[in-house]
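Below: one structure, written as C-alpha cells.
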Amino acid sequence: MWLLRGLAASVLWLVAGLLGLVGILLSATLILLPVGIPVLMLAKKVFSYSMVVLVPGKVRHPVHHAEKSAKGRLKDAGKKSTSITKPKKKTVKKTMKKQRGKARRLLAR
C-alpha cells in the first residue's frame, strides 16, 4: 500500500510541477496574467495534496487519532468494569466453592 501511495504522490508532484511551470509562463505575459494566477494556485493545491497522499493519516493528524484511540479505550474500560457495590452471581458461585462462609455473607448484603 505504501508503494502505491508513494507512486501516486510522485505523479501528483510531477503534475503540480508542470502546472506551476505553465502558470509561471502564463503569468509572464500581461494578457494571460488572469489565467496564470489561478493555475499557480492550482499547482500549489496539487503540491500540498501530493504530500497529503504520501504521509499516513496518523502522522497528518496525530491529535485526532489520539482522541479516537482514547475514546475507544474509555468505552472498552467502561464495558469491562464491574459494579463494586453488588457482586455478580458468577463471582459469588466461584467464591462459594472456595470459601463457603464468606460467600454467604456477601449474598446477605
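Each chain in the C-alpha cells gets a letter, A, B and so on, in the order shown; residues start at 1 in every chain, and ligands are counted from 1 in the order they appear.
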
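All residues of protein, DNA or RNA that reach within 12 Å of Val11 in chain A, judged by only C-alpha atoms and not counting those fewer than 5 positions away in the chain, are Leu4, Arg5, Gly6, Ala16, Gly17, Leu18, Val46, Phe47, Tyr49, Ser50, Met51, Val53 and Leu54 of chain A.
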
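Going from CA of Leu19 in chain A over to CA of Lys44 in chain A, you cover 8.9 Å.
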